[in-house]
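Read the structure below first, then the notes.
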Amino acid sequence: MSATPHPALPAAYGDARQRDLANHLGMWAFISTEVLFFGGLFLAYFIYRLTYPAAFAAGSATLNFWKGTINTGVLLGSSLTMALGDAYIKRGNRRALGLCVAATAVLGIIFLAIKATEYQEMYAKHLVPGLPFAPGVAPAEQLFVFLYFAMTGLHALHMLIGLGLMAWLLRLNRRGQLTMTDHAPVEMFGLYWHFVDCVWVFLYPLLYLIPRR
Amino acid sequence: MNSGDSSLRPLFGTFAALIVLLTLTAGATALPPGWWSTPLSLLIAGAKAALIFTVFMRLRTQGGLVRVFALAGFFFLTILLVLTAADFFTRTWPV
C-alpha cells in the first residue's frame, strides 16, 4: 500500500499516514477511558473479595463454569475472525471482509445467547439483585452477585454496541465504501472489539474461577 | 504504519496460543486450590491480554506515541489500585 493521498482524504491531514496515526491515537485514548471505566468495577471487586473471601468463593460456585469457559473460547474466536477481516480488507478483499465481520457478529450473538441462559439460571436460583434473594444467601454473597451482574452486564452492553457497529460495517462494505486504502472503520472497530474481548479475559477467572478452600 | 503487516499466519498462531492458555487456566481448576490459584489465573489472563494487544490490536507494529496512549489507561488504573490497596491494607477500622 502506498502513502499517496486519497482523493477523499480530509484536508486536515497531510497524508494517509498522518490520518492513520490520528485515528489510532483517538481510538486508544477512548480505550484508555474504557480501561478506567471497567477499572472502577474491578477495584470494587478486589476490595470486597479481599474483605469477604469465603462469600465470593460461594458466589463463584453458583456460576456455570462450563458456560463461562465456552464463552471465553467463543469470544477469543470472534477476535480472530475480526483480525482476519482487518487483514483481508488491507489486501483489498471485500468479500472476505464481509464474511469475517458476519462471522464475528454470529460469534458475538452466540456469546450473548449463552450469557442469557446464564442470567436465566441465576433468575431460577433467585440470585438476581433487585428481586428477593433466595433465603440463606449471605449479604456478602449478594455483593458478589451484584458485581457479577454489573460487570458482565456492562460487558454485554459493550457487545451489543459492537453488534450494532458491525451491522454498520457490513452496510458500508455492501456499498463499497471500504477499500484497500480506506478501511479505518474496520481497523478502529477491531480495536474496540478486541478490547471488549480483553475485558472478558479478566472477568472469566475473577468471576468463574474463585477456588473454594 | 500498519501497511504490509497483513499476514494471516500470526493471527492463527495467536488464536492457537490463546486457546492453549484458556485450556491451561480452566485445567488448573482441577488442581487442589492454593494461595497461588488466583495469581496464576490472573497471570494467564495477563498473558492472553498481552497477546491480544500486541498482535490483534497491532501494538507490535505501532510507534511509541500510540503505545504510550495505549498504556495510559493502565498506568492510571495501576495508581488507582495501588493507592486504594495502600489504604485498604493499612487502615484499622474502629469496629
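The way I read the labels, and the way they are meant: chains A, B, ... in the order of the C-alpha cells, residue 1 as the first residue of every chain, and ligand 1 as the first ligand shown, with later ones counted on from there.
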
List as JSON, numbers by chain the protein and nucleic acid residues near stretch 119-136 of chain A, meaning an atom at most 7 Å away when only C-alpha atoms are counted, but skip any in the same chain fewer than 2 places from it. {"A": [115, 116, 117, 138, 145, 146]}

Ranking A:Thr152, A:Gln142, A:Thr72, A:Gln177 by minimum distance to A:Gly59 and counting only C-alpha atoms, which one comes first?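 Of A:Thr152, A:Gln142, A:Thr72, A:Gln177, the one nearest A:Gly59, counting only C-alpha atoms, is A:Gln142.
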
Using only C-alpha atoms, tabulate the residues of chain A lying at most 8 Å from any atom of chain B, each with its closest atom pair and that distance in Å to one decimal, by chain and increasing residue number, as a tab-separated table.
residue	atom	partner	partner_atom	distance
A:Met1	CA	B:Ser3	CA	6.1
A:Arg17	CA	B:Met1	CA	6.6
A:Asp20	CA	B:Met1	CA	7.6
A:Leu21	CA	B:Val66	CA	7.7
A:His24	CA	B:Val66	CA	6.8
A:Leu25	CA	B:Val66	CA	5.7
A:Trp28	CA	B:Ala70	CA	5.3
A:Ala29	CA	B:Phe69	CA	5.9
A:Ile31	CA	B:Ala70	CA	7.5
A:Ser32	CA	B:Gly73	CA	4.0
A:Thr33	CA	B:Gly73	CA	6.3
A:Glu34	CA	B:Gly73	CA	7.9
A:Val35	CA	B:Gly73	CA	5.6
A:Leu36	CA	B:Leu77	CA	6.0
A:Gly39	CA	B:Leu77	CA	6.3
A:Leu43	CA	B:Leu81	CA	6.4
A:Ile47	CA	B:Phe88	CA	7.7
A:Thr69	CA	B:Ala26	CA	7.1
A:Thr72	CA	B:Leu22	CA	7.7
A:Gly73	CA	B:Ile19	CA	6.8
A:Leu76	CA	B:Phe15	CA	7.1
A:Gly77	CA	B:Phe15	CA	7.2
A:Ser79	CA	B:Phe56	CA	7.5
A:Leu80	CA	B:Phe15	CA	6.3
A:Ala83	CA	B:Phe56	CA	5.8
A:Leu84	CA	B:Leu8	CA	6.8
A:Asp86	CA	B:Ser6	CA	8.0
A:Ala87	CA	B:Ser6	CA	4.7
A:Tyr88	CA	B:Ser6	CA	7.4
A:Lys90	CA	B:Ser6	CA	6.5
A:Arg91	CA	B:Ser6	CA	7.4
A:Gly190	CA	B:Met57	CA	7.4
A:Leu191	CA	B:Met57	CA	5.6
A:His194	CA	B:Met57	CA	6.8
A:Cys198	CA	B:Ala49	CA	5.5
A:Val201	CA	B:Ala45	CA	5.7
A:Phe202	CA	B:Ala45	CA	5.7
A:Pro205	CA	B:Ser41	CA	6.0
A:Leu206	CA	B:Thr38	CA	7.7
A:Leu209	CA	B:Thr29	CA	7.1
A:Ile210	CA	B:Thr38	CA	6.9
A:Pro211	CA	B:Pro33	CA	5.7
A:Arg212	CA	B:Pro33	CA	7.0
A:Arg213	CA	B:Pro33	CA	6.6

Those selected residues, please, written with C-alpha atoms and delivered as a PDB file, in the first residue's frame.
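Listed below is the output, part-v9.pdb:
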ATOM      1  CA  MET A   1       0.000   0.000   0.000  1.00  0.00           C
ATOM      2  CA  ARG A  17      -0.116   8.015   7.313  1.00  0.00           C
ATOM      3  CA  ASP A  20      -3.949   6.657  10.388  1.00  0.00           C
ATOM      4  CA  LEU A  21      -1.887   7.914  13.316  1.00  0.00           C
ATOM      5  CA  HIS A  24      -5.175   5.227  16.288  1.00  0.00           C
ATOM      6  CA  LEU A  25      -4.373   7.878  18.892  1.00  0.00           C
ATOM      7  CA  TRP A  28      -6.549   4.372  22.067  1.00  0.00           C
ATOM      8  CA  ALA A  29      -7.432   7.469  24.093  1.00  0.00           C
ATOM      9  CA  ILE A  31      -9.923   2.708  25.082  1.00  0.00           C
ATOM     10  CA  SER A  32      -7.900   4.201  27.959  1.00  0.00           C
ATOM     11  CA  THR A  33     -11.073   5.810  29.301  1.00  0.00           C
ATOM     12  CA  GLU A  34     -12.767   2.422  28.961  1.00  0.00           C
ATOM     13  CA  VAL A  35      -9.951   0.776  30.947  1.00  0.00           C
ATOM     14  CA  LEU A  36     -10.710   3.170  33.802  1.00  0.00           C
ATOM     15  CA  GLY A  39     -11.352  -0.408  36.299  1.00  0.00           C
ATOM     16  CA  LEU A  43     -11.387  -2.131  42.103  1.00  0.00           C
ATOM     17  CA  ILE A  47     -11.812  -4.749  47.788  1.00  0.00           C
ATOM     18  CA  THR A  69     -15.238 -21.299  29.717  1.00  0.00           C
ATOM     19  CA  THR A  72     -14.278 -17.286  26.625  1.00  0.00           C
ATOM     20  CA  GLY A  73     -13.386 -19.516  23.673  1.00  0.00           C
ATOM     21  CA  LEU A  76     -11.433 -15.343  21.502  1.00  0.00           C
ATOM     22  CA  GLY A  77     -12.649 -16.873  18.233  1.00  0.00           C
ATOM     23  CA  SER A  79     -11.367 -11.707  17.925  1.00  0.00           C
ATOM     24  CA  LEU A  80      -9.633 -13.992  15.437  1.00  0.00           C
ATOM     25  CA  ALA A  83      -8.455  -9.636  12.986  1.00  0.00           C
ATOM     26  CA  LEU A  84      -8.771 -11.730   9.807  1.00  0.00           C
ATOM     27  CA  ASP A  86      -8.937  -6.427   9.016  1.00  0.00           C
ATOM     28  CA  ALA A  87      -6.111  -8.308   7.300  1.00  0.00           C
ATOM     29  CA  TYR A  88      -8.329  -9.158   4.313  1.00  0.00           C
ATOM     30  CA  LYS A  90      -5.863  -4.492   3.737  1.00  0.00           C
ATOM     31  CA  ARG A  91      -5.427  -6.862   0.810  1.00  0.00           C
ATOM     32  CA  GLY A 190     -11.403  -4.067  15.522  1.00  0.00           C
ATOM     33  CA  LEU A 191      -9.585  -2.250  18.335  1.00  0.00           C
ATOM     34  CA  HIS A 194     -10.517  -6.799  20.856  1.00  0.00           C
ATOM     35  CA  CYS A 198      -9.725  -8.416  26.811  1.00  0.00           C
ATOM     36  CA  VAL A 201     -10.401 -12.410  29.576  1.00  0.00           C
ATOM     37  CA  PHE A 202     -10.087 -10.888  33.070  1.00  0.00           C
ATOM     38  CA  PRO A 205     -11.012 -16.046  36.047  1.00  0.00           C
ATOM     39  CA  LEU A 206     -12.206 -13.439  38.552  1.00  0.00           C
ATOM     40  CA  LEU A 209     -12.567 -19.487  38.852  1.00  0.00           C
ATOM     41  CA  ILE A 210     -12.528 -18.476  42.526  1.00  0.00           C
ATOM     42  CA  PRO A 211     -11.147 -21.540  44.328  1.00  0.00           C
ATOM     43  CA  ARG A 212     -13.020 -22.925  47.295  1.00  0.00           C
ATOM     44  CA  ARG A 213     -10.772 -23.834  50.184  1.00  0.00           C
TER      45      ARG A 213
END

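A straight line drawn from atom CA of A:Asp182 to atom CA of A:Arg94 is 11.5 Å long.
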
Could you tell me how far atom CA of A:Trp66 sits from atom CA of A:Leu165, in Å to one decimal place?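 The value is 28.9 Å.
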
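With only C-alpha atoms as the atoms that count, the minimum distance from A:Leu50 to the choices A:Phe38, A:Ser78, A:Ala140, A:Ala22 is reached by A:Ala140.
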
Computed interatomic separation between atom CA of A:Val186 and atom CA of A:Gly40 (Å):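 Between atom CA of A:Val186 and atom CA of A:Gly40 the gap works out to 28.9 Å.
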
Give the answer as one residue: which of B:Asp87, B:Ile79, B:Arg60, B:Gly27 has the shortest atom-to-atom distance to B:Pro10, using only C-alpha atoms?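 Using only C-alpha atoms, the shortest distance to B:Pro10 belongs to B:Arg60.
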
Would you please extract all alpha helix (DSSP H) residues from chain A, as assigned by DSSP on the backbone, and give them as a VMD selection string? chain A and resid 16 to 51 53 to 61 65 to 90 94 to 124 139 to 174 184 to 203
